$ cat target39.txt   # compact mmCIF, C-alpha atoms
# COMPACT_ATOMS: atom_id res chain seq x y z
CA MET A 1 -40.86 109.50 -87.36
CA THR A 2 -43.83 110.09 -89.63
CA ALA A 3 -44.51 113.41 -91.29
CA ALA A 4 -47.65 113.90 -89.20
CA ALA A 5 -45.89 113.60 -85.85
CA PRO A 6 -44.22 117.04 -85.77
CA ARG A 7 -47.53 118.67 -86.75
CA ARG A 8 -49.30 117.12 -83.76
CA ALA A 9 -46.52 117.93 -81.30
CA PRO A 10 -47.65 121.52 -80.50
CA LEU A 11 -51.21 120.44 -79.69
CA ALA A 12 -49.97 117.47 -77.65
CA GLY A 13 -47.56 119.77 -75.81
CA LEU A 14 -50.28 122.27 -74.93
CA LEU A 15 -52.68 119.60 -73.73
CA GLY A 16 -50.02 117.76 -71.76
CA ALA A 17 -48.70 120.93 -70.13
CA HIS A 18 -52.23 122.01 -69.24
CA VAL A 19 -53.12 118.75 -67.51
CA VAL A 20 -49.81 118.66 -65.60
CA SER A 21 -50.12 122.29 -64.48
CA LEU A 22 -53.75 121.93 -63.37
CA THR A 23 -53.02 118.69 -61.54
CA GLY A 24 -50.38 120.62 -59.65
CA ASN A 25 -52.98 123.27 -58.83
CA MET A 26 -55.15 120.60 -57.24
CA LEU A 27 -52.22 119.46 -55.11
CA THR A 28 -51.88 123.00 -53.77
CA LEU A 29 -55.63 123.38 -53.32
CA ILE A 30 -55.64 120.39 -50.95
CA ALA A 31 -52.21 120.69 -49.32
CA LEU A 32 -52.02 124.43 -48.63
CA PRO A 33 -55.04 124.82 -46.32
CA LEU A 34 -54.03 121.67 -44.43
CA TYR A 35 -50.55 123.13 -43.92
CA VAL A 36 -51.95 126.45 -42.67
CA LEU A 37 -54.42 124.73 -40.37
CA ALA A 38 -51.70 122.51 -38.91
CA GLU A 39 -49.32 125.45 -38.39
CA THR A 40 -51.78 127.98 -36.99
CA GLY A 41 -54.71 125.93 -35.69
CA SER A 42 -56.90 128.78 -36.94
CA ALA A 43 -59.82 128.39 -39.32
CA ALA A 44 -59.74 132.18 -39.82
CA ALA A 45 -56.11 132.03 -40.99
CA THR A 46 -56.99 129.18 -43.32
CA GLY A 47 -59.85 131.21 -44.76
CA LEU A 48 -57.60 134.24 -45.20
CA THR A 49 -55.10 132.09 -47.08
CA GLY A 50 -57.92 130.90 -49.34
CA ALA A 51 -58.89 134.51 -50.04
CA PHE A 52 -55.29 135.37 -50.96
CA ALA A 53 -55.26 132.36 -53.30
CA THR A 54 -58.50 133.18 -55.13
CA ALA A 55 -58.53 136.99 -55.34
CA PRO A 56 -55.52 137.17 -57.71
CA VAL A 57 -57.24 134.75 -60.12
CA VAL A 58 -59.67 137.51 -61.13
CA LEU A 59 -57.02 140.24 -60.99
CA GLY A 60 -54.51 138.23 -62.98
CA GLY A 61 -57.10 137.37 -65.60
CA ALA A 62 -58.30 140.93 -66.03
CA PHE A 63 -54.96 142.74 -66.03
CA GLY A 64 -52.48 140.02 -67.00
CA GLY A 65 -53.94 139.37 -70.44
CA VAL A 66 -52.33 142.47 -71.93
CA LEU A 67 -48.89 141.34 -70.74
CA VAL A 68 -49.50 137.88 -72.20
CA ASP A 69 -50.35 139.45 -75.56
CA ARG A 70 -47.26 141.65 -75.45
CA ILE A 71 -44.64 139.06 -74.51
CA GLY A 72 -46.13 136.22 -76.56
CA TYR A 73 -48.32 133.27 -75.61
CA ARG A 74 -45.62 130.61 -75.62
CA ARG A 75 -43.20 132.67 -73.54
CA ALA A 76 -45.98 133.74 -71.14
CA SER A 77 -47.02 130.13 -70.54
CA VAL A 78 -43.46 129.07 -69.73
CA LEU A 79 -42.76 132.14 -67.58
CA ALA A 80 -45.99 131.83 -65.58
CA ASP A 81 -45.30 128.17 -64.79
CA LEU A 82 -41.70 128.86 -63.77
CA VAL A 83 -42.61 131.74 -61.44
CA SER A 84 -45.50 129.77 -59.92
CA GLY A 85 -43.19 126.82 -59.40
CA VAL A 86 -40.62 129.00 -57.61
CA THR A 87 -43.22 130.58 -55.30
CA VAL A 88 -44.74 127.20 -54.40
CA ALA A 89 -41.31 125.61 -53.83
CA ALA A 90 -40.40 128.51 -51.54
CA VAL A 91 -43.04 127.42 -49.01
CA PRO A 92 -41.46 124.07 -47.97
CA LEU A 93 -37.95 125.45 -48.54
CA LEU A 94 -38.38 128.46 -46.22
CA HIS A 95 -40.29 126.38 -43.67
CA ALA A 96 -37.41 123.91 -43.47
CA THR A 97 -34.62 126.55 -43.30
CA VAL A 98 -35.15 130.09 -41.97
CA GLY A 99 -38.84 129.77 -41.17
CA LEU A 100 -41.93 131.09 -42.93
CA PRO A 101 -43.90 133.90 -41.25
CA PHE A 102 -47.60 133.92 -42.04
CA PRO A 103 -47.51 137.28 -43.96
CA ALA A 104 -44.72 135.92 -46.17
CA LEU A 105 -46.82 132.85 -46.90
CA LEU A 106 -49.72 135.06 -47.95
CA GLY A 107 -47.42 136.98 -50.28
CA LEU A 108 -46.15 133.80 -51.94
CA VAL A 109 -49.69 132.48 -52.34
CA PHE A 110 -50.84 135.75 -53.89
CA VAL A 111 -48.00 135.90 -56.43
CA SER A 112 -48.54 132.28 -57.45
CA GLY A 113 -52.27 132.83 -57.99
CA LEU A 114 -51.65 136.08 -59.83
CA LEU A 115 -49.77 134.28 -62.60
CA ASP A 116 -51.88 131.13 -62.76
CA THR A 117 -54.71 132.57 -64.88
CA PRO A 118 -52.40 134.31 -67.40
CA GLY A 119 -50.54 131.01 -67.86
CA GLN A 120 -53.76 129.15 -68.60
CA THR A 121 -54.90 131.98 -70.88
CA ALA A 122 -51.66 131.79 -72.83
CA ARG A 123 -52.07 128.07 -73.50
CA ASN A 124 -55.68 128.61 -74.52
CA ALA A 125 -54.68 131.39 -76.90
CA LEU A 126 -52.27 129.04 -78.70
CA LEU A 127 -54.98 126.47 -79.43
CA PRO A 128 -56.18 127.65 -82.89
CA GLU A 129 -52.72 127.54 -84.44
CA ALA A 130 -51.90 124.24 -82.74
CA ALA A 131 -55.20 122.73 -83.91
CA THR A 132 -54.58 123.95 -87.47
CA ALA A 133 -51.08 122.46 -87.47
CA ALA A 134 -52.52 119.13 -86.31
CA GLY A 135 -55.41 119.22 -88.80
CA VAL A 136 -57.96 119.09 -85.96
CA PRO A 137 -61.30 121.01 -85.94
CA ILE A 138 -61.30 123.82 -83.40
CA GLU A 139 -64.29 122.31 -81.54
CA ARG A 140 -62.38 119.06 -81.09
CA ALA A 141 -59.23 120.84 -79.87
CA VAL A 142 -61.21 122.96 -77.40
CA GLY A 143 -63.10 119.85 -76.28
CA TRP A 144 -59.81 118.09 -75.57
CA PHE A 145 -58.52 121.17 -73.76
CA GLU A 146 -61.63 121.29 -71.58
CA ALA A 147 -61.43 117.53 -70.95
CA THR A 148 -57.84 117.89 -69.71
CA GLU A 149 -59.03 120.56 -67.26
CA ARG A 150 -61.86 118.46 -65.92
CA GLY A 151 -59.75 115.32 -65.83
CA ALA A 152 -56.94 117.05 -63.95
CA ARG A 153 -59.36 118.34 -61.35
CA LEU A 154 -61.22 115.06 -61.05
CA ILE A 155 -58.05 113.01 -60.61
CA GLY A 156 -55.89 115.61 -58.87
CA ALA A 157 -58.08 116.07 -55.79
CA PRO A 158 -58.14 112.43 -54.59
CA VAL A 159 -54.48 111.96 -55.51
CA ALA A 160 -53.61 115.08 -53.51
CA GLY A 161 -55.57 113.83 -50.52
CA LEU A 162 -53.79 110.47 -50.67
CA LEU A 163 -50.35 112.08 -50.99
CA VAL A 164 -50.98 114.47 -48.09
CA SER A 165 -52.07 111.58 -45.88
CA LEU A 166 -48.95 109.58 -46.81
CA LEU A 167 -46.27 112.28 -47.07
CA GLY A 168 -47.61 115.40 -45.36
CA ALA A 169 -48.53 118.78 -46.81
CA LEU A 170 -45.04 120.22 -47.38
CA PRO A 171 -43.69 117.36 -49.54
CA VAL A 172 -46.87 117.60 -51.65
CA LEU A 173 -46.20 121.31 -52.21
CA ALA A 174 -42.71 120.35 -53.39
CA VAL A 175 -44.27 117.88 -55.84
CA ASP A 176 -46.53 120.68 -57.07
CA ALA A 177 -43.50 122.86 -57.75
CA ALA A 178 -42.07 120.04 -59.87
CA THR A 179 -45.30 119.84 -61.91
CA PHE A 180 -44.94 123.50 -62.85
CA ALA A 181 -41.39 122.84 -64.06
CA VAL A 182 -42.59 119.88 -66.16
CA SER A 183 -45.40 121.98 -67.68
CA ALA A 184 -42.98 124.77 -68.62
CA LEU A 185 -40.56 122.26 -70.15
CA MET A 186 -43.29 120.63 -72.28
CA VAL A 187 -44.34 123.96 -73.81
CA ALA A 188 -40.73 125.08 -74.32
CA ILE A 189 -39.80 121.86 -76.15
CA LEU A 190 -42.97 120.91 -78.06
CA VAL A 191 -44.49 124.28 -78.99
CA PRO A 192 -42.35 126.08 -81.61
CA ARG A 193 -41.77 129.82 -81.48
CA SER A 194 -43.18 130.16 -84.99
CA LEU A 195 -46.64 128.96 -83.93
CA GLN A 196 -47.82 132.47 -83.11
CA ALA A 197 -45.29 134.59 -84.96
CA ASP A 198 -47.88 136.61 -86.89
CA ALA A 199 -50.08 137.21 -83.87
CA ALA A 200 -47.16 138.24 -81.67
CA ALA A 201 -45.93 140.68 -84.28
CA GLU A 202 -49.22 142.59 -84.12
CA ALA A 203 -49.45 142.76 -80.33
CA GLY A 204 -48.01 145.30 -77.94
CA SER A 205 -47.93 148.32 -80.25
CA GLY A 206 -49.19 150.77 -77.61
CA GLY A 207 -48.88 151.33 -73.89
CA TYR A 208 -50.27 148.91 -71.32
CA TRP A 209 -53.47 150.81 -70.56
CA ARG A 210 -54.00 151.54 -74.22
CA ASP A 211 -53.83 147.84 -75.01
CA PHE A 212 -56.08 147.03 -72.05
CA ALA A 213 -58.64 149.55 -73.26
CA THR A 214 -58.44 148.06 -76.76
CA GLY A 215 -59.34 144.64 -75.41
CA LEU A 216 -62.18 146.01 -73.29
CA ARG A 217 -63.48 148.05 -76.21
CA PHE A 218 -63.45 145.00 -78.46
CA LEU A 219 -65.52 143.08 -75.93
CA LEU A 220 -68.05 145.88 -75.61
CA ARG A 221 -68.40 146.12 -79.40
CA GLU A 222 -68.56 142.37 -80.13
CA PRO A 223 -72.25 141.48 -79.65
CA LEU A 224 -71.99 137.68 -79.44
CA VAL A 225 -69.02 137.56 -77.04
CA ARG A 226 -70.66 140.27 -74.94
CA ALA A 227 -73.90 138.25 -74.80
CA VAL A 228 -71.97 135.15 -73.74
CA VAL A 229 -70.25 137.04 -70.92
CA LEU A 230 -73.54 138.45 -69.62
CA LEU A 231 -75.20 135.03 -69.67
CA ILE A 232 -72.26 133.35 -67.93
CA LEU A 233 -72.15 136.18 -65.37
CA VAL A 234 -75.69 135.27 -64.29
CA THR A 235 -75.30 131.49 -64.45
CA ASN A 236 -72.04 131.63 -62.48
CA LEU A 237 -73.87 133.64 -59.82
CA PHE A 238 -76.44 130.84 -59.61
CA ASP A 239 -73.78 128.13 -59.66
CA ALA A 240 -71.84 129.82 -56.86
CA ALA A 241 -75.01 129.85 -54.76
CA LYS A 242 -75.34 126.11 -55.31
CA SER A 243 -71.75 124.93 -54.95
CA ASN A 244 -70.67 127.22 -52.10
CA VAL A 245 -73.80 127.20 -49.94
CA LEU A 246 -76.89 125.24 -50.96
CA LEU A 247 -75.23 121.98 -52.02
CA PRO A 248 -73.09 121.54 -48.87
CA VAL A 249 -76.02 122.53 -46.62
CA VAL A 250 -78.43 120.03 -48.22
CA ALA A 251 -75.77 117.32 -48.38
CA THR A 252 -74.96 117.78 -44.70
CA ARG A 253 -78.52 118.03 -43.40
CA GLU A 254 -80.42 115.66 -45.65
CA LEU A 255 -78.16 113.41 -47.75
CA GLY A 256 -75.59 112.02 -45.36
CA GLY A 257 -72.91 114.61 -44.76
CA ALA A 258 -69.49 115.31 -46.24
CA SER A 259 -69.30 111.98 -48.09
CA ALA A 260 -72.52 112.83 -49.95
CA PHE A 261 -71.10 116.25 -50.80
CA GLY A 262 -67.98 114.67 -52.28
CA LEU A 263 -69.95 112.06 -54.21
CA LEU A 264 -72.19 114.69 -55.80
CA VAL A 265 -69.24 116.87 -56.80
CA GLY A 266 -67.51 113.80 -58.19
CA ALA A 267 -70.61 112.68 -60.10
CA MET A 268 -70.93 116.04 -61.82
CA GLY A 269 -67.20 116.27 -62.48
CA GLY A 270 -67.07 112.76 -63.95
CA GLY A 271 -70.09 113.43 -66.12
CA ALA A 272 -68.50 116.67 -67.35
CA LEU A 273 -65.29 114.86 -68.26
CA VAL A 274 -67.21 112.31 -70.35
CA GLY A 275 -69.28 115.11 -71.89
CA SER A 276 -66.18 117.03 -72.93
CA LEU A 277 -64.70 113.95 -74.57
CA LEU A 278 -67.96 113.20 -76.39
CA PHE A 279 -68.21 116.77 -77.60
CA SER A 280 -64.62 116.71 -78.82
CA ALA A 281 -65.57 113.73 -81.01
CA VAL A 282 -68.85 114.99 -82.51
CA GLY A 283 -69.18 118.66 -81.57
CA HIS A 284 -68.02 119.98 -84.94
CA ARG A 285 -71.05 118.26 -86.53
CA LEU A 286 -73.70 119.66 -84.14
CA PRO A 287 -75.70 122.88 -84.53
CA ARG A 288 -74.11 125.27 -82.09
CA ARG A 289 -76.96 127.35 -80.71
CA ALA A 290 -79.32 124.41 -80.23
CA THR A 291 -76.56 122.37 -78.57
CA PHE A 292 -75.62 125.30 -76.32
CA VAL A 293 -79.19 125.88 -75.10
CA THR A 294 -79.93 122.18 -74.65
CA ALA A 295 -76.71 121.57 -72.72
CA PHE A 296 -77.32 124.55 -70.45
CA ALA A 297 -80.97 123.61 -69.85
CA VAL A 298 -79.98 120.09 -68.75
CA ALA A 299 -76.92 121.18 -66.76
CA GLY A 300 -78.42 124.20 -65.00
CA ALA A 301 -81.83 123.85 -63.37
CA PRO A 302 -82.18 120.06 -62.75
CA PRO A 303 -79.51 119.86 -59.98
CA PHE A 304 -81.27 122.66 -58.08
CA TRP A 305 -84.62 120.95 -58.34
CA ALA A 306 -83.16 117.56 -57.40
CA LEU A 307 -81.67 119.06 -54.24
CA ALA A 308 -85.00 120.72 -53.44
CA ALA A 309 -86.86 117.40 -53.80
CA ALA A 310 -84.23 115.62 -51.68
CA PRO A 311 -84.78 112.08 -53.06
CA PRO A 312 -82.39 109.27 -52.09
CA LEU A 313 -78.73 110.06 -52.72
CA PRO A 314 -78.33 107.71 -55.74
CA VAL A 315 -81.13 109.56 -57.54
CA VAL A 316 -79.53 112.95 -56.88
CA MET A 317 -76.18 111.56 -58.05
CA ALA A 318 -77.76 110.38 -61.30
CA VAL A 319 -79.20 113.87 -61.90
CA PHE A 320 -75.83 115.47 -61.17
CA ALA A 321 -74.02 113.03 -63.48
CA LEU A 322 -76.45 113.77 -66.31
CA ALA A 323 -76.08 117.51 -65.68
CA GLY A 324 -72.31 117.13 -65.81
CA LEU A 325 -72.54 115.19 -69.06
CA ALA A 326 -74.45 118.08 -70.62
CA ALA A 327 -72.15 120.69 -69.06
CA GLY A 328 -69.19 119.08 -70.81
CA ALA A 329 -70.30 120.68 -74.08
CA ILE A 330 -70.73 124.22 -72.74
CA ASN A 331 -67.16 125.42 -72.21
CA PRO A 332 -65.84 123.93 -75.49
CA LEU A 333 -68.63 125.73 -77.37
CA ILE A 334 -67.85 129.02 -75.64
CA GLY A 335 -64.14 128.49 -76.20
CA ALA A 336 -64.61 127.84 -79.91
CA VAL A 337 -66.71 130.99 -80.33
CA LYS A 338 -64.14 133.13 -78.51
CA LEU A 339 -61.21 131.74 -80.48
CA GLU A 340 -63.00 132.34 -83.79
CA ARG A 341 -64.20 135.86 -83.09
CA ILE A 342 -61.33 137.42 -81.13
CA PRO A 343 -58.34 138.57 -83.23
CA ALA A 344 -55.24 136.49 -82.62
CA HIS A 345 -53.09 139.39 -81.43
CA MET A 346 -55.48 140.34 -78.59
CA ARG A 347 -56.75 136.96 -77.44
CA ALA A 348 -55.14 137.03 -74.01
CA ARG A 349 -56.31 140.51 -73.01
CA VAL A 350 -59.90 139.83 -74.16
CA PHE A 351 -59.90 136.36 -72.56
CA GLY A 352 -58.79 137.99 -69.33
CA VAL A 353 -61.58 140.57 -69.35
CA VAL A 354 -64.10 137.87 -70.31
CA GLY A 355 -62.98 135.66 -67.44
CA ALA A 356 -63.06 138.48 -64.91
CA GLY A 357 -66.54 139.48 -66.04
CA ALA A 358 -67.80 135.91 -65.85
CA TRP A 359 -66.46 135.48 -62.30
CA ALA A 360 -67.41 138.92 -60.99
CA ALA A 361 -70.80 138.01 -59.49
CA MET A 362 -69.81 134.72 -57.86
CA PRO A 363 -69.11 136.18 -54.40
CA LEU A 364 -72.56 137.83 -54.49
CA GLY A 365 -74.15 134.49 -55.38
CA ALA A 366 -72.59 132.76 -52.40
CA LEU A 367 -73.41 135.63 -50.04
CA GLY A 368 -77.01 135.92 -51.24
CA ALA A 369 -77.59 132.17 -51.01
CA GLY A 370 -76.29 132.13 -47.47
CA VAL A 371 -78.66 134.90 -46.41
CA ALA A 372 -81.60 133.28 -48.23
CA ALA A 373 -80.95 129.83 -46.79
CA GLU A 374 -80.66 131.26 -43.29
CA ARG A 375 -83.96 133.11 -43.62
CA PHE A 376 -86.11 130.86 -45.79
CA GLY A 377 -84.45 127.43 -45.67
CA THR A 378 -83.01 125.73 -48.75
CA THR A 379 -86.09 124.45 -50.62
CA GLY A 380 -87.51 127.82 -51.66
CA PRO A 381 -84.20 129.28 -52.89
CA LEU A 382 -83.37 126.06 -54.76
CA LEU A 383 -86.71 126.07 -56.61
CA ALA A 384 -86.53 129.81 -57.37
CA ILE A 385 -82.90 129.76 -58.58
CA GLY A 386 -83.59 126.69 -60.72
CA ALA A 387 -86.49 128.46 -62.42
CA GLY A 388 -84.43 131.60 -62.95
CA TYR A 389 -81.56 129.52 -64.32
CA LEU A 390 -83.82 127.89 -66.91
CA LEU A 391 -85.27 131.23 -68.06
CA VAL A 392 -81.82 132.76 -68.45
CA VAL A 393 -80.35 129.91 -70.50
CA LEU A 394 -83.32 129.90 -72.88
CA THR A 395 -82.67 133.51 -73.93
CA PRO A 396 -80.36 132.54 -76.85
CA LEU A 397 -83.48 131.13 -78.56
CA LEU A 398 -84.75 134.72 -78.88
CA GLY A 399 -82.13 135.40 -81.55
CA GLY A 400 -80.28 138.70 -81.67
CA PRO A 401 -76.49 138.26 -81.48
CA TRP A 402 -76.98 134.57 -80.70
CA ARG A 403 -77.76 133.97 -84.38
CA ASP A 404 -74.06 134.56 -85.06
CA MET A 405 -73.12 131.53 -82.98
CA ARG A 406 -73.23 129.35 -86.08
CA ARG A 407 -70.00 127.86 -87.34
CA PRO A 408 -68.14 130.10 -89.84
CA ALA A 409 -67.78 128.91 -93.41
CA PRO A 410 -64.36 127.64 -94.53
CA GLU A 411 -61.99 130.42 -95.58
CA GLY A 412 -62.41 129.90 -99.31
CA GLN A 413 -66.21 129.71 -99.11
CA ARG A 414 -66.89 132.88 -97.11
CA PRO A 415 -68.91 135.53 -98.93
CA GLU A 416 -67.63 139.06 -99.14
CA ARG A 417 -68.74 141.07 -96.14
CA THR A 418 -70.73 144.19 -96.87
CA PRO A 419 -70.74 147.16 -94.50
CA ALA A 420 -73.57 147.11 -91.99
CA PRO A 421 -76.11 149.96 -92.25
CA ALA A 422 -75.45 152.86 -89.93
CA ALA A 423 -78.77 152.55 -88.14
CA GLN A 424 -81.62 150.09 -87.94

$ encode --input "target39.txt" --output "structure tokens"
Amino acid sequence: MTAAAPRRAPLAGLLGAHVVSLTGNMLTLIALPLYVLAETGSAAATGLTGAFATAPVVLGGAFGGVLVDRIGYRRASVLADLVSGVTVAAVPLLHATVGLPFPALLGLVFVSGLLDTPGQTARNALLPEAATAAGVPIERAVGWFEATERGARLIGAPVAGLLVSLLGALPVLAVDAATFAVSALMVAILVPRSLQADAAAEAGSGGYWRDFATGLRFLLREPLVRAVVLLILVTNLFDAAKSNVLLPVVATRELGGASAFGLLVGAMGGGALVGSLLFSAVGHRLPRRATFVTAFAVAGAPPFWALAAAPPLPVVMAVFALAGLAAGAINPLIGAVKLERIPAHMRARVFGVVGAGAWAAMPLGALGAGVAAERFGTTGPLLAIGAGYLLVVLTPLLGGPWRDMRRPAPEGQRPERTPAPAAQ
């Protein structure tokens, strides 16, 4: 074994565990509603199950980050995967033995979703140390991390559909439970305890709510991270309007139905995967703010306007693929900024609050788009939201905290920081 191999093992373990865990999530995303629909015959019950699966994602992100900081990122990642695996495995096991009442199913789904976000947060929080150990720039490591997410989702959905059609929903849920076990094992074996020893030693010095307040206070006092959260809050509202309402309506009425919907989602997802890989290769050489604004401008408004124009499906697919290609740079850039600016010992709690804030307006986006489409049709809302999207993503060009988005100087080349004046 070469000397470099052990240094790359932690990063490889994190990336491998992340892709395995998220692929398992896609199996559940496809298999679970099909199981509920087959058992109950009720679309309302299926929708309620979906609500119980998604609501804890925000709750777990907001309130689970403190616990992740306190028990350690490596241990939290392993524990979250193990508990999620047990709750998912309980569904086919109980169904095949004593039976599974619908309220019990909802409870298992809720617990599994509650721990999913903290597990992902824990792996994300370990990235800087793993990247340093591997001698990899943080932008490249975050780009790889984002590419594993997009790849798992892009591949996991069709694989899940194929497995459900061949095996049925319950065996696929059992396979998902096994993926959680594999993910936990990869982190336990390949990521050493020493990777975050210093960060873990600083965490958990106060009570839970005290630590939670510390993370929230940091976010409120960190201008750049706060600006990122506010921008993503608005763009996620717009994106929810598109993905949950406007895109399926236009695809169904004007572009050919469900197959068109799937092709457009796949085109954007495939473009985003390629974009993440490209950014991982060259992102550390690009100017951050200009890249961020350009990527958002290409990824945001054009899909709305393409849907409003309703050209032939191949043209819309090309626009969506190009938008996805640009979008592949956005999350790695945001991830690099967060990892650089948030202290190591409070990464998870701040990540959790950031994620909850970024997701908070998405239900409003879907609800508002539904009302607008019902009253005005889809063309007007698509044009208006596209214009608003473009205006919002150009705001970093105005300066302010966005000037601090530039890449920090190497440790030995950083100038001494002088205290900021008390008032401007």

$ closest_residue --input "target39.txt" --among "A:Pro192, A:Pro312, A:Leu220, A:Leu100" --to "Ala251 of chain A" --atoms "all atoms listed in the file"
A:Pro312

$ closest_atom_pairs --input "target39.txt" --of "segment 125-186 of chain A" --to "segment 324-333 of chain A" --cutoff "7 Å" --atoms "all atoms listed in the file" --output "tab-separated table"
residue	atom	partner	partner_atom	distance
A:Glu139	CA	A:Pro332	CA	6.5
A:Val142	CA	A:Pro332	CA	5.1
A:Gly143	CA	A:Pro332	CA	5.0
A:Glu146	CA	A:Pro332	CA	6.3

$ residues_around --input "target39.txt" --residues "Ser84 of chain A" --least-positions-apart "6" --cutoff "8 Å" --atoms "only C-alpha atoms" --output "list in words"
Val111, Ser112, Gly113, Leu115, Asp116, Ala177 and Phe180 of chain A

$ atom_distance --input "target39.txt" --atom1 "atom CA of Thr179 of chain A" --atom2 "atom CA of Leu93 of chain A"
16.3 Å

$ residues_around --input "target39.txt" --residues "Ala240 of chain A" --least-positions-apart "2" --cutoff "6 Å" --atoms "all atoms listed in the file" --output "PyMOL selection string"
chain A and resi 236-238+242-244+362+365-366

$ atom_distance --input "target39.txt" --atom1 "atom CA of Phe279 of chain A" --atom2 "atom CA of Pro137 of chain A"
11.6 Å

$ residues_around --input "target39.txt" --residues "Pro401 of chain A" --least-positions-apart "4" --cutoff "8 Å" --atoms "all atoms listed in the file" --output "list in words"
Pro223, Leu224, Ala227 and Met405 of chain A

$ axis_aligned_box --input "target39.txt" --around "segment 245-256 of chain A" --padding-each-side "6 Å" --output "JSON"
{"center_x": -76.8, "center_y": 119.6, "center_z": -47.7, "size_x": 19.3, "size_y": 27.2, "size_z": 20.6}

$ closest_residue --input "target39.txt" --among "A:Leu114, A:Ala213, A:Ala295, A:Ala281" --to "Arg349 of chain A" --atoms "all atoms listed in the file"
A:Ala213

$ residues_around --input "target39.txt" --residues "segment 63-65 of chain A" --least-positions-apart "2" --cutoff "12 Å" --atoms "all atoms listed in the file" --output "count of residues only"
51

$ closest_residue --input "target39.txt" --among "A:Val316, A:Val187, A:Leu166, A:Val86" --to "Ala17 of chain A" --atoms "only C-alpha atoms"
A:Val187

$ residues_near_point --input "target39.txt" --point "(-46.9, 116.9, -64.5)" --cutoff "12 Å" --atoms "only C-alpha atoms" --output "compact mmCIF listing (two decimals) with C-alpha atoms, in the coordinates of the input"
# COMPACT_ATOMS: atom_id res chain seq x y z
CA GLY A 13 -47.56 119.77 -75.81
CA LEU A 15 -52.68 119.60 -73.73
CA GLY A 16 -50.02 117.76 -71.76
CA ALA A 17 -48.70 120.93 -70.13
CA HIS A 18 -52.23 122.01 -69.24
CA VAL A 19 -53.12 118.75 -67.51
CA VAL A 20 -49.81 118.66 -65.60
CA SER A 21 -50.12 122.29 -64.48
CA LEU A 22 -53.75 121.93 -63.37
CA THR A 23 -53.02 118.69 -61.54
CA GLY A 24 -50.38 120.62 -59.65
CA ASN A 25 -52.98 123.27 -58.83
CA MET A 26 -55.15 120.60 -57.24
CA LEU A 27 -52.22 119.46 -55.11
CA ASP A 81 -45.30 128.17 -64.79
CA GLY A 85 -43.19 126.82 -59.40
CA ALA A 152 -56.94 117.05 -63.95
CA GLY A 156 -55.89 115.61 -58.87
CA VAL A 175 -44.27 117.88 -55.84
CA ASP A 176 -46.53 120.68 -57.07
CA ALA A 177 -43.50 122.86 -57.75
CA ALA A 178 -42.07 120.04 -59.87
CA THR A 179 -45.30 119.84 -61.91
CA PHE A 180 -44.94 123.50 -62.85
CA ALA A 181 -41.39 122.84 -64.06
CA VAL A 182 -42.59 119.88 -66.16
CA SER A 183 -45.40 121.98 -67.68
CA ALA A 184 -42.98 124.77 -68.62
CA LEU A 185 -40.56 122.26 -70.15
CA MET A 186 -43.29 120.63 -72.28
CA VAL A 187 -44.34 123.96 -73.81

$ residues_around --input "target39.txt" --residues "Arg7 of chain A" --least-positions-apart "5" --cutoff "10 Å" --atoms "all atoms listed in the file" --output "list in words"
Thr2, Ala12, Ala130, Ala131, Thr132, Ala133, Ala134 and Gly135 of chain A

$ atom_distance --input "target39.txt" --atom1 "atom CA of Arg74 of chain A" --atom2 "atom CA of Arg8 of chain A"
16.2 Å

$ build_atoms --input "target39.txt" --residues "segment 26-32 of chain A" --atoms "N, CA, C and O atoms" --output "compact mmCIF listing (two decimals), keeping the file's coordinate frame"
# COMPACT_ATOMS: atom_id res chain seq x y z
N MET A 26 -54.32 121.36 -58.17
CA MET A 26 -55.15 120.60 -57.24
C MET A 26 -54.34 120.14 -56.03
O MET A 26 -54.86 120.08 -54.92
N LEU A 27 -53.07 119.82 -56.25
CA LEU A 27 -52.22 119.46 -55.11
C LEU A 27 -52.14 120.62 -54.12
O LEU A 27 -52.25 120.43 -52.90
N THR A 28 -51.94 121.83 -54.64
CA THR A 28 -51.88 123.00 -53.77
C THR A 28 -53.21 123.27 -53.10
O THR A 28 -53.28 123.63 -51.92
N LEU A 29 -54.30 123.11 -53.86
CA LEU A 29 -55.63 123.38 -53.32
C LEU A 29 -55.92 122.52 -52.09
O LEU A 29 -56.57 122.97 -51.14
N ILE A 30 -55.42 121.28 -52.08
CA ILE A 30 -55.64 120.39 -50.95
C ILE A 30 -54.57 120.59 -49.87
O ILE A 30 -54.86 120.68 -48.67
N ALA A 31 -53.30 120.69 -50.28
CA ALA A 31 -52.21 120.69 -49.32
C ALA A 31 -52.07 122.02 -48.57
O ALA A 31 -51.76 122.03 -47.37
N LEU A 32 -52.28 123.13 -49.25
CA LEU A 32 -52.02 124.43 -48.63
C LEU A 32 -52.91 124.71 -47.42
O LEU A 32 -52.39 125.08 -46.35
